[in-house]
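Read the structure below first, then the notes.
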Amino acid sequence: MPVSLLDTRVPAVLLRIDRNPFHHGTLGAVRSLGRAGVEVHLVADSTGSPVRTSRFVRRMHPPPPPGASLGDIAVVLRRIAAGIARPAVLIAMDDASAVAVSRLREELAPAYLLPQQPATLPERVADKAELAALCASVGVPHPETVVPESAAHAVRAAWGLGLPVVAKWSRPWLVPTGAGLRSTVVLRSAQEAGELYLRSAEAGSRLLLQAFLPPGPDRDWFFHGYADRSGTVRGGGPGVKSLAWPRGAGLTAVGRWTPNPQVQLLAERLGAELGYRGILDLDFRRCGATGRYHLLDFNPRPGAQFRLFTDSAGLDVVRALHLDLTHRPLPDGLPLPGREFVVENYAPLNALRPAPAGRELAWHAYDDPGPGRALWGLWGRHVAGRLLARVRGPEAPAPLPAPAPAPAPADVRDDLRDDVSDDEKASSC
């Protein structure tokens, strides 16, 4: 994309509250805007993260602490805005940030440019229980879901949905670190459902139980896009998960841009019905019995693999947002089906194989070699620390600490799922 297409007088501020040091989507956003000549400020914990070595980061800023109030987050963002001293595009990189920024929209303007939409909408779509109701209201397929009102109700609901059953906390970004609670888990007995319900107060949000859709080949799909000021979805497309970590389930280790009119139609119809504006990342699972695509998650921010959908004009969802909010025209590029996205630390062999239709690597880039070089040493320390901690048991400290002070919040653990079973991630995509 020619640099002149973006208004380089307007900087970008990327906000990530979670503490995931290996969130490759953040690096993707830094590079996307930095390559176009935009001044990029990153508000995130960079401890042990390869992203801090990127030449496209103008400045790192410490993020709000975990569990920070809206007021604390506003203070941090206002302080950064004062230092920049001109309006900036603000991009939330995780669900907790997206919810906070949407609530603070009026307070943050005019220092920050943000999409115009109802302040509660990002929170509603990120809430798993709210999403089930929204899908029902607009006729988008969604796994059958029950929000139990008591432990006994949870037991009955588990039997009614059929075991195994998927259990989710409706607002996973509120699950406290170190509580031993996971955002999503597959339950094998109805008794487990009742026991988990009793921890609702600890989790900070409602428990919901969902019918289990088994994983399988060509069943896990995602859609990334940007809904502009008119509601038109630009800068993205549908993709299929070719390889996951853990294998057979989990995050997208290898994704492929694949035309899918059904997924495209569902995504665009949902965004239009809700009046959504901004970047969206949707997860679908195709039911093996019916062939229908069920929406599992609606993330109101860039997905970690958003750079997969970079078209012939160089447009992706992050650039689309910057162009639209600065009232610049979006170029009309052509889709590049077959293009791949590979996360090297989860799929190193795939990163070495030929890619006739093109490939985007999560960490390595010729024009920004720092993060790729830093990855392997940091990742090796991280994995070694996790493995040794397991060997020594939960009570013993790990002699080789991971580079991050704590794992990411439950809603954004796309890059730290090595502790989660295949079945659990198969159910949640």
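The chains in the structure tokens are called A, B, ... from first to last as shown; in each chain the residues are counted from 1, and the ligands are counted from 1 in the order shown.
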Q: Pick out the residues sitting within 7 Å of segment 360-363 of chain A, and hand them over as a ChimeraX atom specification; count only C-alpha atoms, and ignore anything fewer than 4 positions along from it in its own chain.
A: /A:24,308,340-344,371-372
Q | Surrounding residues of segment 59-73 of chain A excluding itself and chain neighbours under 6 positions, 12 Å, only C-alpha atoms, as a PyMOL selection string | A | chain A and resi 11-20+30+34+39-47+49+51-53+79-81+83-84+92+96-105+107-108+173-177+204+405-409
Write out, as a compact mmCIF listing (two decimals), in the first residue's frame, the residues just selected, with N, CA and C atoms.
# COMPACT_ATOMS: atom_id res chain seq x y z
N PRO A 11 -1.16 9.58 14.54
CA PRO A 11 -0.54 8.38 15.10
C PRO A 11 -1.58 7.35 15.52
N ALA A 12 -1.09 6.19 15.89
CA ALA A 12 -1.96 5.12 16.38
C ALA A 12 -1.49 4.69 17.76
N VAL A 13 -2.45 4.44 18.65
CA VAL A 13 -2.17 3.93 19.98
C VAL A 13 -2.82 2.57 20.09
N LEU A 14 -2.01 1.53 20.31
CA LEU A 14 -2.51 0.17 20.47
C LEU A 14 -2.56 -0.15 21.96
N LEU A 15 -3.72 -0.60 22.42
CA LEU A 15 -3.92 -0.89 23.84
C LEU A 15 -4.15 -2.38 24.05
N ARG A 16 -3.35 -2.98 24.91
CA ARG A 16 -3.56 -4.38 25.30
C ARG A 16 -3.36 -4.50 26.80
N ILE A 17 -4.44 -4.82 27.49
CA ILE A 17 -4.40 -4.91 28.95
C ILE A 17 -3.87 -6.26 29.41
N ASP A 18 -4.12 -7.32 28.65
CA ASP A 18 -3.68 -8.65 29.07
C ASP A 18 -2.16 -8.72 29.09
N ARG A 19 -1.65 -9.77 29.76
CA ARG A 19 -0.21 -9.89 29.96
C ARG A 19 0.40 -11.01 29.13
N ASN A 20 -0.13 -11.25 27.96
CA ASN A 20 0.38 -12.32 27.09
C ASN A 20 1.59 -11.79 26.31
N VAL A 30 1.35 -3.51 14.86
CA VAL A 30 2.49 -2.60 14.88
C VAL A 30 3.12 -2.50 13.50
N GLY A 34 3.07 0.68 11.05
CA GLY A 34 4.41 1.23 10.96
C GLY A 34 4.97 1.21 9.55
N GLU A 39 3.01 6.65 13.02
CA GLU A 39 3.70 6.60 14.30
C GLU A 39 2.90 5.71 15.26
N VAL A 40 3.53 4.64 15.76
CA VAL A 40 2.83 3.64 16.56
C VAL A 40 3.28 3.70 18.01
N HIS A 41 2.31 3.88 18.91
CA HIS A 41 2.54 3.82 20.36
C HIS A 41 1.87 2.55 20.88
N LEU A 42 2.59 1.78 21.66
CA LEU A 42 2.06 0.51 22.17
C LEU A 42 1.92 0.58 23.69
N VAL A 43 0.68 0.40 24.14
CA VAL A 43 0.38 0.38 25.57
C VAL A 43 0.17 -1.08 25.95
N ALA A 44 1.22 -1.71 26.44
CA ALA A 44 1.17 -3.14 26.74
C ALA A 44 2.36 -3.51 27.61
N ASP A 45 2.23 -4.62 28.31
CA ASP A 45 3.35 -5.14 29.08
C ASP A 45 4.30 -5.83 28.12
N SER A 46 5.47 -5.28 27.95
CA SER A 46 6.43 -5.82 26.98
C SER A 46 7.46 -6.73 27.63
N THR A 47 7.28 -7.08 28.92
CA THR A 47 8.25 -7.91 29.61
C THR A 47 8.40 -9.25 28.90
N SER A 49 8.67 -9.89 25.81
CA SER A 49 7.91 -10.01 24.56
C SER A 49 8.78 -9.64 23.36
N VAL A 51 7.81 -8.31 20.71
CA VAL A 51 7.30 -7.12 20.03
C VAL A 51 8.09 -5.87 20.40
N ARG A 52 8.69 -5.85 21.56
CA ARG A 52 9.41 -4.65 21.98
C ARG A 52 10.64 -4.39 21.11
N THR A 53 11.09 -5.40 20.36
CA THR A 53 12.27 -5.23 19.51
C THR A 53 11.91 -4.76 18.11
N ARG A 79 -3.07 10.39 29.77
CA ARG A 79 -1.66 10.78 29.93
C ARG A 79 -0.89 10.56 28.64
N ILE A 80 -1.15 9.46 27.96
CA ILE A 80 -0.49 9.20 26.68
C ILE A 80 -0.92 10.22 25.64
N ALA A 81 -2.22 10.52 25.61
CA ALA A 81 -2.72 11.50 24.65
C ALA A 81 -2.08 12.87 24.87
N GLY A 83 0.88 13.45 25.97
CA GLY A 83 2.24 13.40 25.46
C GLY A 83 2.30 13.44 23.95
N ILE A 84 1.33 12.83 23.30
CA ILE A 84 1.30 12.83 21.83
C ILE A 84 0.88 14.20 21.30
N ALA A 92 -8.02 -1.20 20.30
CA ALA A 92 -7.99 -2.19 21.38
C ALA A 92 -7.59 -3.54 20.81
N ALA A 96 -10.86 -7.19 26.91
CA ALA A 96 -10.96 -6.30 28.06
C ALA A 96 -10.73 -4.85 27.63
N SER A 97 -9.76 -4.64 26.75
CA SER A 97 -9.49 -3.29 26.25
C SER A 97 -10.65 -2.78 25.40
N ALA A 98 -11.20 -3.65 24.56
CA ALA A 98 -12.30 -3.24 23.68
C ALA A 98 -13.51 -2.81 24.49
N VAL A 99 -13.82 -3.56 25.55
CA VAL A 99 -14.97 -3.21 26.39
C VAL A 99 -14.72 -1.88 27.09
N ALA A 100 -13.52 -1.71 27.64
CA ALA A 100 -13.21 -0.47 28.36
C ALA A 100 -13.24 0.73 27.43
N VAL A 101 -12.63 0.61 26.26
CA VAL A 101 -12.56 1.74 25.33
C VAL A 101 -13.96 2.12 24.86
N SER A 102 -14.81 1.14 24.61
CA SER A 102 -16.17 1.46 24.16
C SER A 102 -16.94 2.22 25.23
N ARG A 103 -16.75 1.86 26.49
CA ARG A 103 -17.43 2.56 27.58
C ARG A 103 -16.90 3.99 27.75
N LEU A 104 -15.62 4.17 27.44
CA LEU A 104 -14.97 5.45 27.66
C LEU A 104 -14.98 6.35 26.42
N ARG A 105 -15.70 5.95 25.38
CA ARG A 105 -15.59 6.64 24.10
C ARG A 105 -15.80 8.14 24.23
N GLU A 107 -15.62 10.06 26.82
CA GLU A 107 -14.61 10.68 27.67
C GLU A 107 -13.28 10.84 26.95
N LEU A 108 -12.96 9.90 26.07
CA LEU A 108 -11.66 9.92 25.38
C LEU A 108 -11.64 10.84 24.17
N TRP A 173 -13.04 -12.21 30.35
CA TRP A 173 -11.98 -11.27 30.71
C TRP A 173 -12.01 -10.91 32.20
N LEU A 174 -13.08 -11.29 32.92
CA LEU A 174 -13.18 -11.03 34.35
C LEU A 174 -12.66 -12.19 35.20
N VAL A 175 -12.38 -13.33 34.59
CA VAL A 175 -11.88 -14.48 35.37
C VAL A 175 -10.53 -14.12 35.97
N PRO A 176 -10.39 -14.19 37.29
CA PRO A 176 -9.13 -13.77 37.91
C PRO A 176 -8.00 -14.74 37.62
N THR A 177 -6.82 -14.18 37.43
CA THR A 177 -5.63 -15.00 37.21
C THR A 177 -5.32 -15.79 38.48
N GLY A 204 -16.69 -14.07 38.44
CA GLY A 204 -17.04 -12.70 38.11
C GLY A 204 -18.12 -12.54 37.07
N PRO A 405 5.04 -12.01 33.72
CA PRO A 405 4.77 -12.17 35.13
C PRO A 405 3.53 -12.98 35.43
N ALA A 406 2.63 -13.11 34.47
CA ALA A 406 1.40 -13.85 34.68
C ALA A 406 0.80 -14.21 33.35
N PRO A 407 0.00 -15.31 33.29
CA PRO A 407 -0.65 -15.63 32.02
C PRO A 407 -1.70 -14.61 31.67
N ALA A 408 -2.10 -14.62 30.38
CA ALA A 408 -3.09 -13.65 29.91
C ALA A 408 -4.45 -13.95 30.48
N PRO A 409 -5.36 -12.95 30.51
CA PRO A 409 -6.73 -13.22 30.91
C PRO A 409 -7.36 -14.28 30.03
Contacts of segment 154-160 of chain A within 8 Å, only C-alpha atoms, excl. fewer than 5 positions in-chain, as a tab-separated table (two decimals) with N, CA, C and O atoms, in the first residue's frame:
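Output file out_39.tsv follows:
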chain	number	residue	atom	x	y	z
A	146	VAL	N	-27.75	-22.70	27.49
A	146	VAL	CA	-28.57	-22.50	28.68
A	146	VAL	C	-27.74	-21.73	29.70
A	146	VAL	O	-26.58	-22.05	29.93
A	147	VAL	N	-28.34	-20.70	30.30
A	147	VAL	CA	-27.71	-19.97	31.40
A	147	VAL	C	-28.41	-20.40	32.68
A	147	VAL	O	-29.52	-19.93	32.98
A	148	PRO	N	-27.82	-21.31	33.44
A	148	PRO	CA	-28.52	-21.85	34.63
A	148	PRO	C	-28.67	-20.80	35.72
A	148	PRO	O	-27.85	-19.89	35.86
A	149	GLU	N	-29.74	-20.95	36.51
A	149	GLU	CA	-30.02	-20.02	37.60
A	149	GLU	C	-29.70	-20.59	38.96
A	149	GLU	O	-29.84	-19.89	39.97
A	165	VAL	N	-20.77	-31.60	27.64
A	165	VAL	CA	-21.34	-30.28	27.45
A	165	VAL	C	-20.24	-29.24	27.64
A	165	VAL	O	-19.30	-29.45	28.41
A	189	SER	N	-19.65	-34.79	33.12
A	189	SER	CA	-20.74	-35.24	33.98
A	189	SER	C	-21.60	-34.06	34.37
A	189	SER	O	-21.13	-32.91	34.42
A	190	ALA	N	-22.85	-34.33	34.70
A	190	ALA	CA	-23.76	-33.28	35.14
A	190	ALA	C	-23.34	-32.74	36.50
A	190	ALA	O	-23.55	-31.56	36.80
A	191	GLN	N	-22.76	-33.58	37.33
A	191	GLN	CA	-22.31	-33.12	38.64
A	191	GLN	C	-21.26	-32.02	38.52
A	191	GLN	O	-21.26	-31.05	39.28
A	192	GLU	N	-20.39	-32.14	37.54
A	192	GLU	CA	-19.39	-31.10	37.32
A	192	GLU	C	-20.04	-29.76	37.02
A	192	GLU	O	-19.54	-28.70	37.43
A	193	ALA	N	-21.15	-29.79	36.30
A	193	ALA	CA	-21.84	-28.54	35.96
A	193	ALA	C	-22.36	-27.86	37.22
A	193	ALA	O	-22.23	-26.63	37.37
A	194	GLY	N	-22.93	-28.63	38.12
A	194	GLY	CA	-23.41	-28.07	39.37
A	194	GLY	C	-22.30	-27.50	40.22
A	194	GLY	O	-22.42	-26.42	40.81
A	197	TYR	N	-21.00	-24.21	38.73
A	197	TYR	CA	-21.92	-23.09	38.94
A	197	TYR	C	-21.65	-22.41	40.29
A	197	TYR	O	-21.77	-21.18	40.41
A	209	LEU	N	-23.97	-23.04	29.77
A	209	LEU	CA	-23.74	-24.39	29.28
A	209	LEU	C	-24.19	-24.44	27.83
A	209	LEU	O	-25.24	-23.91	27.47
Q: Write out as a PyMOL selection string all residues of segment 107-264 of chain A that backbone DSSP assigns to alpha helix (DSSP H).
A: chain A and resi 107-108+121-126+128-138+151-161+190-197+200-203+261-264
Q. Closest to Val89 of chain A among A:Leu375, A:Phe298, A:Arg234, A:His322, using only C-alpha atoms?
A.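 Closest to Val89 of chain A of all the choices is A:His322.
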